[in-house]
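The file upload-v8.csv comes next; it holds CSV, C-alpha atoms.
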```
chain,number,residue,atom,x,y,z
A,1,MET,CA,2.8,-26.8,34.9
A,2,VAL,CA,3.5,-23.1,34.7
A,3,SER,CA,3.5,-20.8,37.7
A,4,GLN,CA,2.2,-17.2,37.5
A,5,ASN,CA,2.3,-14.3,39.9
A,6,VAL,CA,-1.3,-13.1,40.6
A,7,VAL,CA,-1.8,-9.7,42.1
A,8,VAL,CA,-4.8,-9.3,44.4
A,9,SER,CA,-5.7,-6.5,46.8
A,10,ASP,CA,-7.1,-6.4,50.3
A,11,ALA,CA,-10.5,-4.7,50.1
A,12,LYS,CA,-10.2,-3.2,53.5
A,13,THR,CA,-6.6,-2.1,53.7
A,14,GLY,CA,-5.8,-1.7,50.0
A,15,ILE,CA,-2.6,-3.6,50.5
A,16,ILE,CA,-1.4,-5.4,47.3
A,17,THR,CA,-0.5,-9.1,47.7
A,18,VAL,CA,1.4,-11.2,45.2
A,19,SER,CA,0.7,-15.0,45.3
A,20,THR,CA,2.1,-17.7,43.1
A,21,VAL,CA,-0.4,-20.0,41.5
A,22,SER,CA,-0.1,-22.7,38.8
A,23,ASN,CA,-2.0,-22.7,35.5
A,24,SER,CA,-3.1,-26.3,36.1
A,25,SER,CA,-4.8,-25.6,39.4
A,26,VAL,CA,-6.5,-22.4,38.3
A,27,PHE,CA,-7.4,-22.8,34.7
A,28,THR,CA,-8.2,-26.4,34.1
A,29,PRO,CA,-11.9,-27.2,33.5
A,30,SER,CA,-11.9,-29.9,36.3
A,31,ALA,CA,-10.5,-27.5,38.9
A,32,GLN,CA,-12.8,-26.6,41.7
A,33,LYS,CA,-13.3,-22.9,42.2
A,34,PRO,CA,-11.6,-22.0,45.5
A,35,PRO,CA,-13.6,-20.2,48.2
A,36,THR,CA,-13.0,-16.5,48.3
A,37,ALA,CA,-10.9,-15.6,51.4
A,38,PRO,CA,-12.3,-13.0,53.7
A,39,GLY,CA,-11.2,-9.5,52.7
A,40,TYR,CA,-10.0,-10.6,49.2
A,41,ILE,CA,-11.5,-10.0,45.7
A,42,SER,CA,-11.8,-13.0,43.5
A,43,ILE,CA,-10.5,-12.7,39.9
A,44,SER,CA,-12.1,-14.5,37.0
A,45,LYS,CA,-10.0,-16.6,34.7
A,46,LYS,CA,-10.7,-14.4,31.7
A,47,LYS,CA,-9.8,-11.2,33.6
A,48,LEU,CA,-6.7,-12.7,35.1
A,49,LEU,CA,-5.4,-13.9,31.7
A,50,LYS,CA,-6.1,-10.5,30.2
A,51,ASN,CA,-4.2,-8.7,33.0
A,52,LEU,CA,-1.3,-11.1,32.7
A,53,GLU,CA,-1.2,-10.6,29.0
A,54,ILE,CA,-1.3,-6.8,29.3
A,55,ASN,CA,1.3,-6.7,32.0
A,56,GLY,CA,3.5,-9.1,30.1
A,57,ALA,CA,3.3,-7.0,26.9
A,58,GLN,CA,4.1,-3.9,28.9
A,59,SER,CA,7.0,-5.6,30.6
A,60,GLN,CA,8.3,-6.9,27.3
A,61,ARG,CA,8.2,-3.4,25.7
A,62,LEU,CA,9.9,-1.9,28.8
A,63,ASN,CA,12.7,-4.5,28.7
A,64,SER,CA,13.1,-3.8,25.0
A,65,TRP,CA,13.5,-0.1,25.7
A,66,VAL,CA,16.0,-0.7,28.5
A,67,ASP,CA,18.0,-3.1,26.3
A,68,SER,CA,18.1,-0.3,23.7
A,69,MET,CA,19.2,2.2,26.3
A,70,ARG,CA,22.1,-0.1,27.2
A,71,ALA,CA,23.0,-0.6,23.6
A,72,SER,CA,23.3,3.2,23.1
A,73,SER,CA,25.8,3.4,25.9
A,74,PRO,CA,29.4,3.6,24.7
A,75,THR,CA,30.5,1.7,27.8
A,76,HIS,CA,28.2,-1.2,26.9
A,77,LEU,CA,29.2,-1.0,23.3
A,78,LYS,CA,32.8,-1.3,24.4
A,79,SER,CA,32.1,-4.3,26.5
A,80,LEU,CA,30.1,-5.9,23.7
A,81,SER,CA,32.8,-5.2,21.1
A,82,SER,CA,35.3,-7.2,23.2
A,83,PHE,CA,33.3,-10.3,22.6
A,84,SER,CA,33.1,-9.7,18.8
A,85,SER,CA,35.5,-11.6,16.8
A,86,GLU,CA,38.3,-9.8,15.0
A,87,GLU,CA,36.9,-11.3,11.8
A,88,GLU,CA,33.5,-9.6,12.3
A,89,HIS,CA,35.2,-6.3,13.0
A,90,ASN,CA,37.3,-6.6,9.9
A,91,SER,CA,34.3,-7.5,7.9
A,92,TRP,CA,32.5,-4.3,9.1
A,93,ILE,CA,35.6,-2.2,8.2
A,94,LYS,CA,35.6,-3.6,4.7
A,95,ARG,CA,32.0,-2.5,4.3
A,96,HIS,CA,32.6,0.9,5.9
A,97,PRO,CA,36.3,1.7,5.4
A,98,SER,CA,37.9,4.7,7.1
A,99,ALA,CA,37.3,7.9,5.1
A,100,LEU,CA,40.9,8.9,5.9
A,101,ASP,CA,42.3,5.6,4.4
A,102,MET,CA,40.0,6.0,1.3
A,103,PHE,CA,40.6,9.8,0.9
A,104,GLU,CA,42.2,9.5,-2.5
A,105,ARG,CA,39.3,7.4,-3.8
A,106,ILE,CA,36.8,9.9,-2.4
A,107,ILE,CA,38.5,12.7,-4.1
A,108,GLU,CA,38.4,10.9,-7.4
A,109,GLU,CA,34.7,10.3,-7.1
A,110,ALA,CA,34.2,14.0,-6.2
A,111,ARG,CA,36.4,15.4,-9.0
A,112,GLY,CA,34.6,17.9,-11.2
A,113,LYS,CA,31.6,18.1,-8.9
A,114,GLN,CA,30.4,20.5,-6.3
A,115,ILE,CA,31.0,19.2,-2.8
A,116,VAL,CA,28.4,20.2,-0.3
A,117,MET,CA,29.1,19.4,3.4
A,118,PHE,CA,26.5,18.4,6.0
A,119,LEU,CA,27.7,17.9,9.6
A,120,ASP,CA,26.0,16.7,12.7
A,121,TYR,CA,27.2,18.4,15.9
A,122,ASP,CA,27.3,16.2,19.1
A,123,GLY,CA,29.7,13.3,18.7
A,124,THR,CA,30.8,14.7,15.3
A,125,LEU,CA,32.2,18.2,15.8
A,126,SER,CA,32.3,17.9,19.6
A,127,SER,CA,32.8,15.0,21.9
A,128,ILE,CA,29.9,13.4,23.8
A,129,VAL,CA,30.0,14.8,27.3
A,130,ASP,CA,27.9,14.2,30.5
A,131,ASP,CA,26.5,17.7,30.5
A,132,PRO,CA,24.9,18.6,27.1
A,133,ASP,CA,25.2,22.3,28.0
A,134,ARG,CA,29.0,21.9,27.9
A,135,ALA,CA,29.4,20.1,24.6
A,136,PHE,CA,31.9,22.7,23.3
A,137,MET,CA,33.8,22.3,20.1
A,138,THR,CA,37.5,23.0,20.2
A,139,SER,CA,38.9,26.3,18.8
A,140,LYS,CA,40.9,24.2,16.3
A,141,MET,CA,37.7,22.4,15.1
A,142,ARG,CA,36.0,25.8,14.8
A,143,ARG,CA,38.8,27.2,12.6
A,144,THR,CA,38.6,24.0,10.5
A,145,VAL,CA,34.9,24.3,9.9
A,146,LYS,CA,35.3,28.0,9.1
A,147,LYS,CA,37.8,27.2,6.4
A,148,MET,CA,35.5,24.4,5.2
A,149,ALA,CA,32.6,26.9,4.8
A,150,LYS,CA,34.9,29.1,2.6
A,151,SER,CA,35.7,26.1,0.4
A,152,PHE,CA,32.3,24.4,0.2
A,153,PRO,CA,28.6,25.1,1.1
A,154,THR,CA,28.5,23.8,4.7
A,155,SER,CA,25.5,23.0,6.9
A,156,ILE,CA,25.1,21.9,10.5
A,157,VAL,CA,22.3,19.4,10.9
A,158,THR,CA,21.5,18.6,14.5
A,159,GLY,CA,18.8,17.7,17.0
A,160,ARG,CA,19.7,20.8,19.0
A,161,CYS,CA,17.8,24.0,18.6
A,162,ILE,CA,19.5,26.5,16.3
A,163,ASP,CA,20.2,29.0,19.1
A,164,LYS,CA,21.9,26.4,21.2
A,165,VAL,CA,24.1,25.0,18.5
A,166,TYR,CA,25.0,28.4,17.2
A,167,SER,CA,26.2,29.4,20.7
A,168,PHE,CA,28.6,26.4,20.4
A,169,VAL,CA,29.7,26.9,16.7
A,170,LYS,CA,29.6,30.7,16.5
A,171,LEU,CA,30.0,30.8,12.7
A,172,ALA,CA,27.5,33.0,10.8
A,173,GLU,CA,28.5,31.7,7.3
A,174,LEU,CA,27.0,28.3,7.8
A,175,TYR,CA,23.5,26.9,7.1
A,176,TYR,CA,21.9,25.6,10.3
A,177,ALA,CA,19.2,22.9,10.4
A,178,GLY,CA,18.1,22.5,14.1
A,179,SER,CA,15.5,20.3,15.8
A,180,HIS,CA,16.4,17.3,13.5
A,181,GLY,CA,15.9,19.5,10.4
A,182,MET,CA,12.6,21.1,11.5
A,183,ASP,CA,14.1,24.5,11.9
A,184,ILE,CA,16.3,25.6,8.9
A,185,LYS,CA,18.1,28.9,8.6
A,186,GLY,CA,20.6,30.2,6.0
A,187,PRO,CA,23.8,32.1,6.6
A,188,THR,CA,23.7,35.7,7.8
A,189,LYS,CA,23.7,38.0,4.7
A,190,GLY,CA,27.1,38.9,3.6
A,191,PHE,CA,28.9,36.1,5.4
A,192,SER,CA,28.7,33.3,2.8
A,193,ARG,CA,29.7,33.4,-0.8
A,194,TYR,CA,27.1,30.8,-1.6
A,195,ASN,CA,24.0,32.8,-0.8
A,196,LYS,CA,24.8,36.2,-2.2
A,197,ASP,CA,22.1,36.2,-4.9
A,198,LYS,CA,19.6,33.9,-3.0
A,199,PRO,CA,16.8,34.9,-0.7
A,200,SER,CA,17.3,34.2,3.0
A,201,VAL,CA,16.5,30.6,3.9
A,202,LEU,CA,14.0,30.0,6.7
A,203,TYR,CA,11.8,26.9,6.9
A,204,GLN,CA,9.9,25.5,9.9
A,205,PRO,CA,7.7,22.6,8.8
A,206,ALA,CA,6.6,21.8,12.4
A,207,GLY,CA,5.6,25.4,13.4
A,208,ASP,CA,2.1,24.3,14.5
A,209,PHE,CA,3.5,22.0,17.2
A,210,LEU,CA,5.3,24.8,19.2
A,211,PRO,CA,2.5,25.1,21.9
A,212,MET,CA,2.3,21.3,22.3
A,213,ILE,CA,6.1,21.0,22.6
A,214,ASP,CA,6.2,23.6,25.3
A,215,GLU,CA,3.4,21.9,27.2
A,216,VAL,CA,5.1,18.5,27.0
A,217,TYR,CA,8.4,20.0,28.0
A,218,LYS,CA,6.9,21.4,31.3
A,219,GLN,CA,5.3,18.0,32.0
A,220,LEU,CA,8.6,16.1,31.4
A,221,VAL,CA,10.6,18.5,33.6
A,222,GLU,CA,8.0,17.9,36.4
A,223,LYS,CA,7.9,14.2,35.8
A,224,THR,CA,11.6,13.6,35.7
A,225,LYS,CA,12.8,15.9,38.5
A,226,SER,CA,12.8,13.0,41.0
A,227,THR,CA,15.3,11.1,38.8
A,228,PRO,CA,18.8,12.2,39.7
A,229,GLY,CA,20.9,13.0,36.6
A,230,ALA,CA,18.0,13.3,34.1
A,231,LYS,CA,17.9,16.4,32.0
A,232,VAL,CA,15.2,17.6,29.7
A,233,GLU,CA,16.2,19.9,26.9
A,234,ASN,CA,13.8,22.0,24.8
A,235,ASN,CA,15.1,22.1,21.2
A,236,LYS,CA,12.2,24.3,20.1
A,237,PHE,CA,10.5,21.9,17.7
A,238,CYS,CA,11.5,18.7,19.6
A,239,LEU,CA,12.6,17.6,23.1
A,240,SER,CA,15.4,15.6,24.4
A,241,VAL,CA,15.5,13.7,27.7
A,242,HIS,CA,19.2,13.0,28.5
A,243,PHE,CA,20.0,10.0,30.8
A,244,ARG,CA,23.8,10.0,30.4
A,245,CYS,CA,24.2,10.9,34.1
A,246,VAL,CA,21.3,8.6,35.3
A,247,ASP,CA,22.2,5.5,37.4
A,248,GLU,CA,21.5,2.5,35.1
A,249,LYS,CA,19.3,1.1,37.9
A,250,LYS,CA,17.0,4.0,37.3
A,251,TRP,CA,16.7,3.7,33.5
A,252,SER,CA,13.5,1.5,33.6
A,253,GLU,CA,11.9,4.0,35.9
A,254,LEU,CA,12.9,7.0,33.7
A,255,ALA,CA,11.6,5.2,30.5
A,256,LEU,CA,8.2,4.6,32.2
A,257,LYS,CA,8.0,8.3,33.2
A,258,VAL,CA,8.8,9.6,29.7
A,259,ARG,CA,6.4,7.1,28.1
A,260,SER,CA,3.6,8.1,30.5
A,261,VAL,CA,3.8,11.7,29.3
A,262,VAL,CA,4.3,11.1,25.5
A,263,LYS,CA,1.5,8.5,25.3
A,264,ASN,CA,-1.1,11.3,25.8
A,265,TYR,CA,0.1,13.0,22.6
A,266,PRO,CA,-0.6,10.7,19.7
A,267,THR,CA,0.9,13.3,17.2
A,268,LEU,CA,4.3,13.0,18.9
A,269,LYS,CA,6.7,10.1,18.5
A,270,LEU,CA,9.3,8.9,21.0
A,271,SER,CA,12.6,7.5,19.8
A,272,GLN,CA,16.1,7.0,21.2
A,273,GLY,CA,19.6,8.1,20.4
A,274,ARG,CA,22.9,7.9,22.3
A,275,LYS,CA,21.7,8.0,25.9
A,276,VAL,CA,18.9,10.3,25.0
A,277,PHE,CA,15.2,10.0,24.4
A,278,GLU,CA,13.9,12.2,21.5
A,279,ILE,CA,10.3,13.5,21.3
A,280,ARG,CA,9.4,14.8,17.9
A,281,PRO,CA,6.3,15.8,15.9
A,282,MET,CA,4.9,12.9,13.9
A,283,ILE,CA,5.4,14.5,10.5
A,284,LYS,CA,7.2,13.3,7.4
A,285,TRP,CA,10.3,15.3,8.0
A,286,ASP,CA,13.8,14.2,9.2
A,287,LYS,CA,17.5,14.9,8.6
A,288,GLY,CA,17.2,13.4,5.1
A,289,LYS,CA,14.4,15.7,4.2
A,290,ALA,CA,16.4,18.6,5.6
A,291,LEU,CA,19.4,17.6,3.4
A,292,GLU,CA,17.1,17.6,0.3
A,293,PHE,CA,15.6,21.0,1.2
A,294,LEU,CA,19.1,22.5,1.7
A,295,LEU,CA,20.4,21.1,-1.6
A,296,GLU,CA,17.3,22.6,-3.3
A,297,SER,CA,17.9,26.0,-1.6
A,298,LEU,CA,21.5,26.0,-2.9
A,299,GLY,CA,20.3,25.4,-6.4
A,300,PHE,CA,21.4,21.7,-6.7
A,301,GLU,CA,17.9,20.1,-6.8
A,302,ASN,CA,18.3,18.4,-10.2
A,303,CYS,CA,22.1,18.6,-10.6
A,304,ASN,CA,24.2,15.7,-11.7
A,305,ASP,CA,27.4,17.4,-10.7
A,306,VAL,CA,26.7,17.8,-7.0
A,307,PHE,CA,28.5,15.7,-4.4
A,308,PRO,CA,26.9,15.8,-0.9
A,309,ILE,CA,28.9,14.5,2.1
A,310,TYR,CA,27.1,13.9,5.3
A,311,ILE,CA,29.0,13.1,8.5
A,312,GLY,CA,27.1,12.0,11.7
A,313,ASP,CA,27.2,9.6,14.6
A,314,ASP,CA,23.6,9.1,15.7
A,315,LYS,CA,20.6,7.0,14.6
A,316,THR,CA,18.8,10.1,13.4
A,317,ASP,CA,21.6,10.6,10.8
A,318,GLU,CA,20.7,7.3,9.2
A,319,ASP,CA,17.8,9.1,7.3
A,320,ALA,CA,20.4,11.3,5.6
A,321,PHE,CA,22.7,8.3,4.9
A,322,LYS,CA,19.8,6.4,3.3
A,323,LEU,CA,18.8,9.4,1.2
A,324,LEU,CA,22.3,9.7,-0.3
A,325,ARG,CA,22.3,6.0,-1.2
A,326,GLU,CA,18.9,6.4,-2.9
A,327,ARG,CA,20.1,9.5,-4.8
A,328,GLY,CA,23.3,7.7,-5.9
A,329,GLN,CA,25.1,11.0,-5.1
A,330,GLY,CA,27.8,11.5,-2.5
A,331,PHE,CA,27.9,9.4,0.6
A,332,GLY,CA,27.5,9.3,4.3
A,333,ILE,CA,30.3,8.9,6.9
A,334,LEU,CA,29.4,7.3,10.3
A,335,VAL,CA,31.4,8.5,13.3
A,336,SER,CA,31.8,5.5,15.6
A,337,LYS,CA,34.6,3.4,17.2
A,338,PHE,CA,32.4,0.3,17.2
A,339,PRO,CA,30.6,-1.6,14.4
A,340,LYS,CA,27.0,-0.5,14.0
A,341,ASP,CA,24.3,-1.2,11.4
A,342,THR,CA,24.4,1.8,9.1
A,343,SER,CA,23.7,3.0,5.6
A,344,ALA,CA,26.8,5.1,5.6
A,345,SER,CA,29.5,4.2,3.1
A,346,TYR,CA,32.6,5.2,5.2
A,347,SER,CA,33.5,5.6,8.8
A,348,LEU,CA,35.6,7.8,11.1
A,349,GLN,CA,36.2,7.0,14.8
A,350,ASP,CA,35.8,10.3,16.6
A,351,PRO,CA,35.8,14.2,16.3
A,352,PRO,CA,39.6,14.4,15.9
A,353,GLN,CA,39.4,12.1,12.9
A,354,VAL,CA,36.5,14.2,11.5
A,355,MET,CA,38.6,17.3,11.8
A,356,ASN,CA,41.5,15.6,10.1
A,357,PHE,CA,39.2,14.6,7.2
A,358,LEU,CA,37.8,18.1,6.9
A,359,GLN,CA,41.2,19.7,6.9
A,360,ARG,CA,42.4,17.3,4.1
A,361,LEU,CA,39.3,18.3,2.0
A,362,VAL,CA,40.2,22.0,2.5
A,363,ASP,CA,43.8,21.4,1.6
A,364,TRP,CA,42.8,19.5,-1.5
A,365,LYS,CA,40.4,22.4,-2.5
A,366,GLN,CA,43.1,25.0,-2.1
A,367,MET,CA,45.5,23.0,-4.3
A,368,GLN,CA,42.8,23.1,-7.1
A,369,GLN,CA,42.6,26.9,-7.1
```

Would you kindly transcribe this structure into structure tokens?
Amino acid sequence: MVSQNVVVSDAKTGIITVSTVSNSSVFTPSAQKPPTAPGYISISKKKLLKNLEINGAQSQRLNSWVDSMRASSPTHLKSLSSFSSEEEHNSWIKRHPSALDMFERIIEEARGKQIVMFLDYDGTLSSIVDDPDRAFMTSKMRRTVKKMAKSFPTSIVTGRCIDKVYSFVKLAELYYAGSHGMDIKGPTKGFSRYNKDKPSVLYQPAGDFLPMIDEVYKQLVEKTKSTPGAKVENNKFCLSVHFRCVDEKKWSELALKVRSVVKNYPTLKLSQGRKVFEIRPMIKWDKGKALEFLLESLGFENCNDVFPIYIGDDKTDEDAFKLLRERGQGFGILVSKFPKDTSASYSLQDPPQVMNFLQRLVDWKQMQQ
């Protein structure tokens, strides 16, 4: 016998009552139909089953989202990793060894080829912080990226809007792909040696979605303002709802609020990153497509002697990692202290290690000149 919670409402007062009933007493053919209590609405077996099925499916989807939200939390990852065996961790490191430990091997693979660098921003060039508006990169990291851009064509590929990430990086000699690659802009004329004889790069494949994105942004701001710590960020061609500062007890409530808005826009898709919901146009464009476009813009579309390196820490970077595997050129580097499923070939633990790796590339390049 299975018990179920049945929701009925008082016709006069509108008060909702939850009663526990058993399947055997309500749904068996031999059961007598109970008399309807005064002031209550009777529910047919078919309708009740349908409601229970719908509510169960919605609850399952919500639980799945909350589990995913927990999994994206570094604190949860830390607690989970403590239960992982050392053997499992070592196995992951063997599949995705440190790019610093394997530096000489990487250089051998890249020798005689044109290295092209692609860098995520948050969690890669800057640390993940509670306030996304304060995700500043260090001066030392900025100097390292500046030297990198003098040695190799270098792009920032981020979910942020270009204006925001440029306010952090402040380097005009870079290529920028904002909004998960849906807003691409080349270096300012005269600042990069790699675009002297090339037309200015500007590509916005999701331009038609701008009015819709602005509309959804306003709705999300209104919808989430009652959730302490929630922050909605307009990245021009996509939106981010940050929940890094939201009490974990409020995560389910926030997930429902975000979904209630996005469900009304079938041409937008909702995904999740590191303690952030991402809302993007449902077009065939991602960070992998942006990488391809930038390689083409640089004149490396059909080159066999190009060696792209993509460094990132988020789920959205996986599209670029997968693309490089499919091309059989270059490789991806995942920035993470904990084992994750990834298509990246190598790993680095944090932004300081990223800076160390970039500096070693610059030093190697200077030695070749």

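Remark: for A:Leu291, the closest of the candidate residues A:Leu202, A:Leu210, A:Ile279, A:Leu119 is A:Leu119 (distances computed over all atoms listed in the file).
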
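Distance annotation: of A:Gly123, A:Gly299, A:Gly328, A:Pro281, the residue with the minimal separation from A:Phe209 is A:Pro281; atom set is all atoms listed in the file.
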
| message | Between A:Val216, A:Ala172, A:Val354, A:Val232, which residue has the minimum interatomic distance to A:Lys189, considering all atoms listed in the file? | response |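 With all atoms listed in the file as the atom set, the closest residue is A:Ala172.
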
| field | Point (34.0, 6.6, 15.0), cut-off 6 Å, counting all atoms listed in the file, residues as a ChimeraX atom specification | value | /A:335-337,348-350

| To one decimal place, how far is atom CA of A:Arg274 from atom CA of A:Arg244 in Å? | 8.4 Å

| task | Could you please determine the separation between atom CA of A:Val201 and atom CA of A:Thr144 in Å, to one decimal place? | result | 24.0 Å

| message | At a cut-off of 12 Å, using all atoms listed in the file, what residues contact A:Asp313? Leave out same-chain residues fewer than 5 positions from it and give the result as a PyMOL selection string. | response | chain A and resi 72+74+119-128+157-159+273-274+318-321+332-344+346-351+354

| message | Please list as a list of chain:residue names every residue within 12 Å of A:Asp208, counting all atoms listed in the file and excluding residues in the same chain fewer than 2 positions away. | response |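 Near A:Asp208, the qualifying residues are A:Met182, A:Gln204, A:Pro205, A:Ala206, A:Leu210, A:Pro211, A:Met212, A:Ile213, A:Asp214, A:Lys236, A:Phe237, A:Thr267, A:Pro281, A:Met282, A:Ile283.
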
| task | Could you jot down the atom CA of A:Lys269 to atom CA of A:Gly312 separation for me, Å, one decimal place? | result | 21.6 Å

| Looking at all atoms listed in the file, which of A:Leu270, A:Phe357, A:Lys113, A:Ala255 is the one that sits closest to A:Ser98? | A:Phe357

Per residue of stretch 242-341 of chain A within 9 Å of stretch 173-178 of chain A, what are the shortest atom pair and its distance in Å to one decimal, counting all atoms listed in the file, with rows by chain and residue number, as CSV?
```
residue,atom,partner,partner_atom,distance
A:Lys287,CA,A:Ala177,CA,8.4
A:Ala290,CA,A:Ala177,CA,7.0
A:Leu291,CA,A:Ala177,CA,8.8
A:Leu294,CA,A:Tyr175,CA,8.2
```
